[in-house]
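S.K.: Structure in structure tokens, see below.
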Amino acid sequence: MPTPSDTDPTDSTQDGFSLLQHGHKDMVQATAFNTYGDRFASSSVDGKIKVYNRHKDGSWNLCDTWGAHTAEILQIQWLPPTIHPHLIASIGTDGRFKLWVEDPTLPPSKGRRFNSHSNRPIYELRSPSRAPYLSFAITHNATTRHTYLALIDRNAILTVYENDEPENLESWTDLDRVNVCERPKRGEEVSFKVAFDPNLEPCYMGIRQGVARDALGVVVASMNRASIWRTKEITHNVSLGSSTMKEFYLAAELKGHKGLVRDVAWAPGNIRGFDIVATACKDGFIRVFQVTTPGKGGARGGGAGGNTSSGSGATSLRSKDFSKIPEKTIVQQQRNSAENGNAAGSRVAPSGIGAGLQYTRPRNPDAQQQQQQQQVREGEVLHVAKEVSRLEANRNPVWRVEFDADGQLLGSTGDDGKLMLWRREPSGSWSKSSELAMTRTVVG
């Protein structure tokens with residue numbers, strides 16, 4: 001009969017940790033808590049998912065185990081309770097995304113509680129490119145009742161799906177699809193991660209600059225780079241009127257990484273007027289970026305010597321096609337304008353409509369470049385990302401980063417097996433707050 005101190009979760013001998021014998025036949029690959037923190041799920045390389053329930057005495061008991069995938073499970077996530085309180089999403093190297101719902105009428109520990117539908121998930125999506133999905137993210141807007149699913153595969157293709165019926169999670173429509181970087185080579189080590197903006201609306205400064213209140217925002221880690229993507233409204237004229245749809249564009253790039261970006265996180269609490277994004281890199285650093293929307297005037301006047309204008313303009317010019325470099329296009333157009341100007345003396349002066357068009361052309365190269373940028377950025381809002389802190393994690397590769405509910409505390413884990421907590425200072429920089437580690441004590 002165990003003593004009360006053996007089962008008391010507040011006992012000092014447990015050091016605040018609860019050790020679980022996971023029971024998987026292989027390495028545990030992913031874990032996830034539900035929104036309330038009273039349910040815990042783990043997935044393994046063996047293709048199985050286990051769900052644990054937390055009891056009043058603080059102990060964790062196994063609820064059910066089932067075979068979810070035929071290959072390694074890379075990520076699992078509990079869906080928001082505004083959709084359904086007992087929904088789990090998973091992806092595996094078999095190239096499939098699956099949704100599992102719990103049937104509380106079935107007994108636990110029978111292997112059928114989450115896959116009672118003929119041993120099948122309630123929804124399954126296969127990768128159309130046959131490249132396995134490596135990361136996914138789900139967000140739900142309780143006001144509009146729209147659910148969005150973002151999936152990124154090994155070919156660097158980001159696909160976002162939309163569902164406007166929370167009661168029917170089998171109805172998903174393709175919202176947009178973009179290439180976030182160049183396709184990795186065969187056999188090359190890859191790293192991809194995607195995360196949605198957790199805030200209900202974009203920050204108020206972005207809304208003032210033209211970002212739609214229902215605009216989506218995602219931060220993507222793609223190999224050794226990270227980027228932020230936003231949606232803009234696209235209007236199509238049809239026979240019975242016009243239709244509006246969302247389209248993603250590259251809003252900002254998070255530069256400075258010297259290795260594979262393993263994870264990304266978007267901080268809640270953008271009421272401060274700007275967004276905060278963190279990245280975990282293989283080079284051993286956690287980088288925290290501050291993303292602002294200064295607008296056109298702020299872009300031209302910000303920075304030393306106006307460098308912010310050229311860099312920010314180049315970033316915003318990169319839209320759907322990643323392979324095109326806007327700077328080269330602008331230089332080529334300016335060169336053509338210069339050649340046309342030098343050859344104007346040898347040409348016969350145009351007359352009529354041609355003379356009118358030539359007269360209305362801007363003579364100032366800066367004005368012409370600004371006009372071209374405005375045309376390219378039509379419907380897009382300029383975002384500027386600035387690195388505010390570079391945090392060293394004991395010179396070990398970092399694998400995971402995550403913000404708390406207020407966006408003031410950042411947690412990270414790496415190869416050293418430690419959980420490091422970083423806190424935001426009033427100045428805006430981040431510093432180390434605490435460090436958690438488990439040690440084994442040898443009893444003589």
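FYI, nothing fancy with the structure tokens labels: chains A, B, ... in order, residues from 1 per chain, ligands from 1 as they appear.
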Got a sec: who's within 9 Å of A:Ile157, counting only C-alpha atoms, leaving out chain neighbours fewer than 6 positions off, as a compact mmCIF listing (two decimals) with all heavy atoms, in the first residue's frame?
M.R.:
```txt
# COMPACT_ATOMS: atom_id res chain seq x y z
N LEU A 151 -0.52 22.91 -44.37
CA LEU A 151 0.32 21.72 -44.50
C LEU A 151 1.51 22.06 -45.39
O LEU A 151 1.35 22.70 -46.43
CB LEU A 151 -0.46 20.55 -45.11
CG LEU A 151 -1.54 19.91 -44.23
CD1 LEU A 151 -2.53 19.15 -45.09
CD2 LEU A 151 -0.92 19.00 -43.21
N ARG A 177 -1.87 27.78 -52.53
CA ARG A 177 -0.70 26.90 -52.54
C ARG A 177 0.50 27.69 -53.05
O ARG A 177 0.44 28.28 -54.15
CB ARG A 177 -0.97 25.68 -53.40
CG ARG A 177 0.13 24.64 -53.41
CD ARG A 177 -0.31 23.41 -54.16
NE ARG A 177 -1.50 22.82 -53.54
CZ ARG A 177 -2.14 21.77 -54.05
NH1 ARG A 177 -1.73 21.22 -55.17
NH2 ARG A 177 -3.20 21.29 -53.43
N VAL A 178 1.58 27.71 -52.29
CA VAL A 178 2.76 28.49 -52.65
C VAL A 178 4.01 27.67 -52.40
O VAL A 178 4.03 26.75 -51.55
CB VAL A 178 2.84 29.81 -51.85
CG1 VAL A 178 1.70 30.74 -52.21
CG2 VAL A 178 2.86 29.54 -50.35
N ASN A 179 5.07 28.00 -53.12
CA ASN A 179 6.39 27.43 -52.88
C ASN A 179 7.17 28.37 -51.96
O ASN A 179 7.39 29.53 -52.31
CB ASN A 179 7.15 27.26 -54.20
CG ASN A 179 6.53 26.20 -55.08
OD1 ASN A 179 5.97 25.23 -54.58
ND2 ASN A 179 6.63 26.38 -56.39
N VAL A 180 7.55 27.88 -50.80
CA VAL A 180 8.20 28.73 -49.81
C VAL A 180 9.70 28.82 -50.01
O VAL A 180 10.35 29.75 -49.49
CB VAL A 180 7.89 28.23 -48.39
CG1 VAL A 180 6.39 28.38 -48.09
CG2 VAL A 180 8.32 26.79 -48.21
N CYS A 181 10.29 27.88 -50.74
CA CYS A 181 11.73 27.93 -51.02
C CYS A 181 12.01 26.96 -52.16
O CYS A 181 11.09 26.34 -52.71
CB CYS A 181 12.57 27.59 -49.78
SG CYS A 181 12.48 25.87 -49.27
N ARG A 183 13.17 23.61 -53.99
CA ARG A 183 12.95 22.21 -53.63
C ARG A 183 14.26 21.57 -53.18
O ARG A 183 15.28 21.66 -53.88
CB ARG A 183 12.38 21.46 -54.83
CG ARG A 183 12.08 20.00 -54.58
CD ARG A 183 11.43 19.38 -55.80
NE ARG A 183 11.17 17.96 -55.62
CZ ARG A 183 10.55 17.20 -56.51
NH1 ARG A 183 10.13 17.74 -57.66
NH2 ARG A 183 10.34 15.92 -56.27
```
S.K.: Applying 10 Å and only C-alpha atoms, which residues near A:Ile73 remain after dropping the ones on its own chain fewer than 6 positions away? List them as a list in words.
M.R.: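 The residues satisfying every condition are Val28, Gln29, Ala30, Ser42, Ser43, Ser44, Val45, Asp46, Gly47, Lys48, Ile49, Ser90, Ile91, Gly92, Thr93, Asp94, Arg96 and Leu134 of chain A.
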S.K.: Kindly save the residues from that selection, with N, CA, C and O atoms included, as a tab-separated table (two decimals), in the first residue's frame.
M.R.:
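So part_20.tsv came out as:
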```tsv
chain	number	residue	atom	x	y	z
A	28	VAL	N	9.70	8.00	-28.89
A	28	VAL	CA	8.59	8.95	-28.91
A	28	VAL	C	8.99	10.15	-29.76
A	28	VAL	O	10.00	10.80	-29.50
A	29	GLN	N	8.18	10.46	-30.75
A	29	GLN	CA	8.52	11.50	-31.72
A	29	GLN	C	7.82	12.82	-31.44
A	29	GLN	O	8.39	13.88	-31.67
A	30	ALA	N	6.58	12.80	-30.94
A	30	ALA	CA	5.83	14.03	-30.74
A	30	ALA	C	4.89	13.85	-29.55
A	30	ALA	O	4.43	12.74	-29.26
A	42	SER	N	0.77	11.23	-26.91
A	42	SER	CA	2.13	10.97	-27.39
A	42	SER	C	2.06	10.09	-28.64
A	42	SER	O	1.16	9.25	-28.77
A	43	SER	N	3.00	10.31	-29.53
A	43	SER	CA	3.08	9.51	-30.76
A	43	SER	C	4.52	9.05	-30.94
A	43	SER	O	5.46	9.67	-30.44
A	44	SER	N	4.67	7.95	-31.67
A	44	SER	CA	5.96	7.31	-31.74
A	44	SER	C	6.29	6.91	-33.17
A	44	SER	O	5.47	7.01	-34.08
A	45	VAL	N	7.52	6.45	-33.30
A	45	VAL	CA	7.97	5.94	-34.59
A	45	VAL	C	7.22	4.65	-34.95
A	45	VAL	O	7.14	4.28	-36.12
A	46	ASP	N	6.66	3.98	-33.95
A	46	ASP	CA	5.92	2.75	-34.22
A	46	ASP	C	4.56	2.99	-34.85
A	46	ASP	O	3.83	2.05	-35.13
A	47	GLY	N	4.17	4.27	-35.06
A	47	GLY	CA	2.92	4.59	-35.73
A	47	GLY	C	1.70	4.61	-34.83
A	47	GLY	O	0.57	4.69	-35.33
A	48	LYS	N	1.89	4.57	-33.51
A	48	LYS	CA	0.77	4.54	-32.59
A	48	LYS	C	0.67	5.84	-31.79
A	48	LYS	O	1.67	6.54	-31.59
A	49	ILE	N	-0.55	6.14	-31.36
A	49	ILE	CA	-0.83	7.31	-30.54
A	49	ILE	C	-1.42	6.82	-29.22
A	49	ILE	O	-2.29	5.94	-29.20
A	90	SER	N	-3.05	14.39	-36.81
A	90	SER	CA	-1.73	13.77	-36.89
A	90	SER	C	-1.28	13.70	-38.33
A	90	SER	O	-2.09	13.64	-39.26
A	91	ILE	N	0.04	13.70	-38.51
A	91	ILE	CA	0.66	13.46	-39.81
A	91	ILE	C	1.79	12.46	-39.62
A	91	ILE	O	2.39	12.37	-38.55
A	92	GLY	N	2.05	11.70	-40.69
A	92	GLY	CA	3.11	10.71	-40.65
A	92	GLY	C	3.90	10.69	-41.93
A	92	GLY	O	3.55	11.34	-42.92
A	93	THR	N	4.99	9.93	-41.89
A	93	THR	CA	5.83	9.83	-43.09
A	93	THR	C	5.16	9.00	-44.18
A	93	THR	O	5.72	8.87	-45.27
A	94	ASP	N	3.99	8.46	-43.91
A	94	ASP	CA	3.23	7.80	-44.97
A	94	ASP	C	2.52	8.79	-45.88
A	94	ASP	O	1.81	8.39	-46.80
A	96	ARG	N	0.19	11.18	-45.06
A	96	ARG	CA	-1.23	11.37	-44.80
A	96	ARG	C	-1.46	12.23	-43.57
A	96	ARG	O	-0.73	12.14	-42.58
A	134	LEU	N	5.48	17.25	-43.59
A	134	LEU	CA	6.44	17.34	-42.49
A	134	LEU	C	5.95	18.21	-41.35
A	134	LEU	O	6.49	18.13	-40.24
```
S.K.: Pick out each residue of stretch 31-256 of chain A that DSSP on the backbone tags as helix (DSSP H, G or I); I need them as a PDB file with C-alpha atoms, in the first residue's frame.
M.R.:
```pdb
ATOM      1  CA  TYR A 204      -3.740  47.301 -34.925  1.00  0.00           C
ATOM      2  CA  MET A 205      -0.781  48.975 -36.642  1.00  0.00           C
ATOM      3  CA  GLY A 206      -1.058  46.452 -39.467  1.00  0.00           C
ATOM      4  CA  ILE A 207      -4.798  47.059 -39.735  1.00  0.00           C
ATOM      5  CA  ARG A 208      -4.116  50.803 -39.991  1.00  0.00           C
TER       6      ARG A 208
END
```
S.K.: Between atom CA of A:Phe40 and atom CA of A:Tyr52, what distance in Å does the model show, to one decimal?
M.R.: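 Pair atom CA of A:Phe40 / atom CA of A:Tyr52 returns 5.1 Å.
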S.K.: I'd like the neighbourhood of stretch 62-69 of chain A as a PyMOL selection string, where a residue qualifies if any of its atoms comes within 12 Å (using only C-alpha atoms), though same-chain residues fewer than 4 positions away should be ignored.
M.R.: chain A and resi 20-25+39-55+73-76+88-104+106-116+119-122+124
S.K.: Can you tell me, as a ChimeraX atom specification, which residues in stretch 28-240 of chain A count as strand (DSSP E) by DSSP?
M.R.: /A:28-33,39-44,48-54,60-67,73-78,87-92,96-101,123-126,133-141,146-153,157-163,173-179,192-196,217-222,225-238
S.K.: How far is it from atom CA of A:Pro198 to atom CA of A:Arg145, in Å with one decimal?
M.R.: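 Computed distance, atom CA of A:Pro198 to atom CA of A:Arg145, equals 15.3 Å.
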S.K.: Set the distance at 9 Å and use only C-alpha atoms: which residues neighbour A:Asn34 once local chain neighbours fewer than 5 positions away are removed? I'd like the list as number ranges by chain.
M.R.: A: 39-41, 77-81, 85-86
S.K.: Export, as a compact mmCIF listing (two decimals), in the first residue's frame, the selected residues with all heavy atoms.
M.R.:
```
# COMPACT_ATOMS: atom_id res chain seq x y z
N ARG A 39 -5.34 16.58 -20.55
CA ARG A 39 -5.17 15.42 -21.42
C ARG A 39 -3.85 15.57 -22.16
O ARG A 39 -3.43 16.67 -22.54
CB ARG A 39 -6.33 15.28 -22.41
CG ARG A 39 -7.70 15.28 -21.78
CD ARG A 39 -8.74 14.69 -22.69
NE ARG A 39 -8.66 13.23 -22.73
CZ ARG A 39 -9.48 12.47 -23.46
NH1 ARG A 39 -10.43 13.04 -24.20
NH2 ARG A 39 -9.37 11.16 -23.46
N PHE A 40 -3.22 14.43 -22.36
CA PHE A 40 -1.88 14.41 -22.94
C PHE A 40 -1.81 13.28 -23.95
O PHE A 40 -2.31 12.17 -23.70
CB PHE A 40 -0.85 14.21 -21.83
CG PHE A 40 0.57 14.04 -22.31
CD1 PHE A 40 1.32 15.13 -22.70
CD2 PHE A 40 1.14 12.78 -22.37
CE1 PHE A 40 2.62 14.96 -23.14
CE2 PHE A 40 2.44 12.61 -22.81
CZ PHE A 40 3.18 13.71 -23.19
N ALA A 41 -1.21 13.56 -25.10
CA ALA A 41 -1.08 12.56 -26.17
C ALA A 41 0.37 12.44 -26.57
O ALA A 41 1.12 13.43 -26.58
CB ALA A 41 -1.94 12.92 -27.38
N GLN A 77 -1.58 17.07 -32.69
CA GLN A 77 -2.11 18.31 -32.12
C GLN A 77 -3.58 18.12 -31.77
O GLN A 77 -4.35 17.54 -32.54
CB GLN A 77 -1.95 19.47 -33.11
CG GLN A 77 -2.50 20.80 -32.61
CD GLN A 77 -2.38 21.91 -33.65
OE1 GLN A 77 -1.56 21.83 -34.55
NE2 GLN A 77 -3.20 22.92 -33.52
N TRP A 78 -3.95 18.60 -30.59
CA TRP A 78 -5.36 18.67 -30.21
C TRP A 78 -5.97 19.89 -30.88
O TRP A 78 -5.41 20.98 -30.86
CB TRP A 78 -5.51 18.79 -28.70
CG TRP A 78 -5.09 17.59 -27.92
CD1 TRP A 78 -3.83 17.29 -27.51
CD2 TRP A 78 -5.92 16.53 -27.46
NE1 TRP A 78 -3.83 16.11 -26.83
CE2 TRP A 78 -5.11 15.62 -26.77
CE3 TRP A 78 -7.29 16.28 -27.56
CZ2 TRP A 78 -5.60 14.46 -26.19
CZ3 TRP A 78 -7.79 15.13 -26.98
CH2 TRP A 78 -6.96 14.23 -26.30
N LEU A 79 -7.12 19.70 -31.48
CA LEU A 79 -7.79 20.83 -32.13
C LEU A 79 -8.40 21.76 -31.09
O LEU A 79 -8.65 21.35 -29.95
CB LEU A 79 -8.87 20.32 -33.07
CG LEU A 79 -8.43 20.11 -34.53
CD1 LEU A 79 -7.41 18.98 -34.62
CD2 LEU A 79 -9.62 19.82 -35.43
N PRO A 80 -8.62 23.02 -31.44
CA PRO A 80 -9.22 23.95 -30.48
C PRO A 80 -10.56 23.46 -29.99
O PRO A 80 -11.34 22.85 -30.74
CB PRO A 80 -9.35 25.25 -31.30
CG PRO A 80 -8.35 25.12 -32.39
CD PRO A 80 -8.29 23.66 -32.71
N PRO A 81 -10.88 23.71 -28.71
CA PRO A 81 -12.17 23.24 -28.18
C PRO A 81 -13.36 23.93 -28.81
O PRO A 81 -14.48 23.44 -28.68
CB PRO A 81 -12.06 23.55 -26.68
CG PRO A 81 -11.06 24.65 -26.58
CD PRO A 81 -10.08 24.41 -27.69
N PRO A 85 -13.96 19.32 -28.49
CA PRO A 85 -13.00 19.16 -27.38
C PRO A 85 -12.18 17.88 -27.43
O PRO A 85 -11.21 17.75 -26.69
CB PRO A 85 -13.91 19.19 -26.15
CG PRO A 85 -15.23 18.71 -26.64
CD PRO A 85 -15.35 19.19 -28.05
N HIS A 86 -12.55 16.94 -28.29
CA HIS A 86 -11.88 15.65 -28.29
C HIS A 86 -11.46 15.26 -29.71
O HIS A 86 -11.77 14.17 -30.19
CB HIS A 86 -12.77 14.56 -27.69
CG HIS A 86 -13.32 14.91 -26.34
ND1 HIS A 86 -12.52 15.15 -25.25
CD2 HIS A 86 -14.59 15.10 -25.92
CE1 HIS A 86 -13.28 15.45 -24.20
NE2 HIS A 86 -14.54 15.44 -24.59
```
S.K.: Point out the residue among A:Pro132, A:Gly379, A:Pro184, A:Gly414 with the least atom-to-atom distance to A:Ala251, counting only C-alpha atoms.
M.R.: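 The shortest atom-to-atom distance to A:Ala251 comes from A:Gly379.
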S.K.: Could you work out how far atom CA of A:Ala150 lies from atom CA of A:Ala137, giving the answer in Å with one decimal?
M.R.: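 Result for atom CA of A:Ala137 versus atom CA of A:Ala150: 5.2 Å, one decimal.
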S.K.: Find the residue from A:Val398, A:Leu391, A:Leu149, A:Val384 that sits nearest to A:Gly259; use only C-alpha atoms when measuring.
M.R.: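 Result for the nearest residue to A:Gly259: A:Val398.
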S.K.: Excluding A:Val261 and residues on its chain fewer than 2 positions from it, collect all residues at most 6 Å away from it, counting only C-alpha atoms, and give them as a list in words.
M.R.: Ala221, Met223, Asn224, Asp263, Ala280 and Cys281 of chain A
S.K.: Restricted to N, CA and C atoms, what would the selected residues look like written as a compact mmCIF listing (two decimals), in the first residue's frame?
M.R.:
```
# COMPACT_ATOMS: atom_id res chain seq x y z
N ALA A 221 9.16 27.88 -41.47
CA ALA A 221 10.58 27.52 -41.47
C ALA A 221 10.82 26.59 -42.64
N MET A 223 14.04 24.99 -44.56
CA MET A 223 15.48 24.74 -44.62
C MET A 223 16.23 25.74 -43.71
N ASN A 224 17.12 26.54 -44.25
CA ASN A 224 17.90 27.46 -43.43
C ASN A 224 17.36 28.89 -43.47
N ASP A 263 12.33 25.00 -35.80
CA ASP A 263 10.99 25.30 -35.30
C ASP A 263 10.76 26.80 -35.34
N ALA A 280 13.98 28.51 -33.84
CA ALA A 280 14.97 27.61 -33.26
C ALA A 280 15.85 27.08 -34.39
N CYS A 281 17.14 27.28 -34.26
CA CYS A 281 18.06 26.97 -35.36
C CYS A 281 19.07 25.90 -34.93
```
S.K.: Please list as a ChimeraX atom specification every residue within 10 Å of A:Lys258, counting only C-alpha atoms and excluding residues in the same chain fewer than 4 positions away.
M.R.: /A:224-225,281-285
S.K.: So that I can see what lies close to A:Ser171, please list as a list in words the residues with an atom at most 10 Å from it, counting only C-alpha atoms and leaving out residues fewer than 6 positions away in the same chain.
M.R.: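 Neighbouring residues, sequence-local ones excluded: Tyr123, Tyr161, Glu162, Asn163, Asp164 and Glu165 of chain A.
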S.K.: Keeping N, CA, C and O atoms, export the residues of the selection given above as a short mmCIF file (atom, residue, chain, number, x, y, z; two decimals), in the first residue's frame.
M.R.:
```cif
data_model
loop_
_atom_site.label_atom_id
_atom_site.label_comp_id
_atom_site.auth_asym_id
_atom_site.auth_seq_id
_atom_site.Cartn_x
_atom_site.Cartn_y
_atom_site.Cartn_z
N TYR A 123 -11.45 11.94 -41.01
CA TYR A 123 -11.01 12.64 -42.22
C TYR A 123 -9.56 12.26 -42.49
O TYR A 123 -8.75 12.14 -41.56
N TYR A 161 -5.85 24.96 -46.45
CA TYR A 161 -7.22 24.56 -46.71
C TYR A 161 -8.15 25.32 -45.78
O TYR A 161 -7.75 25.76 -44.70
N GLU A 162 -9.39 25.45 -46.21
CA GLU A 162 -10.39 26.20 -45.46
C GLU A 162 -11.64 25.35 -45.28
O GLU A 162 -12.05 24.61 -46.18
N ASN A 163 -12.23 25.47 -44.07
CA ASN A 163 -13.47 24.79 -43.77
C ASN A 163 -14.40 25.78 -43.07
O ASN A 163 -14.02 26.40 -42.09
N ASP A 164 -15.60 25.95 -43.61
CA ASP A 164 -16.56 26.88 -43.03
C ASP A 164 -17.72 26.19 -42.34
O ASP A 164 -18.73 26.81 -42.01
N GLU A 165 -17.58 24.88 -42.09
CA GLU A 165 -18.60 24.11 -41.39
C GLU A 165 -17.92 23.30 -40.29
O GLU A 165 -17.46 22.19 -40.53
#
```
S.K.: Which residue gives the smallest distance to A:Leu250 among A:Ile152, A:Tyr133, A:His383, A:Gly269, with only C-alpha atoms counted?
M.R.: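 For A:Leu250, the nearest of the given residues is A:His383.
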S.K.: Looking at A:Lys432, A:Lys232, A:Arg423, A:Arg287, which one is nearest to A:Ser389, with distances taken over only C-alpha atoms?
M.R.: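 Selected residue with least distance to A:Ser389: A:Arg287.
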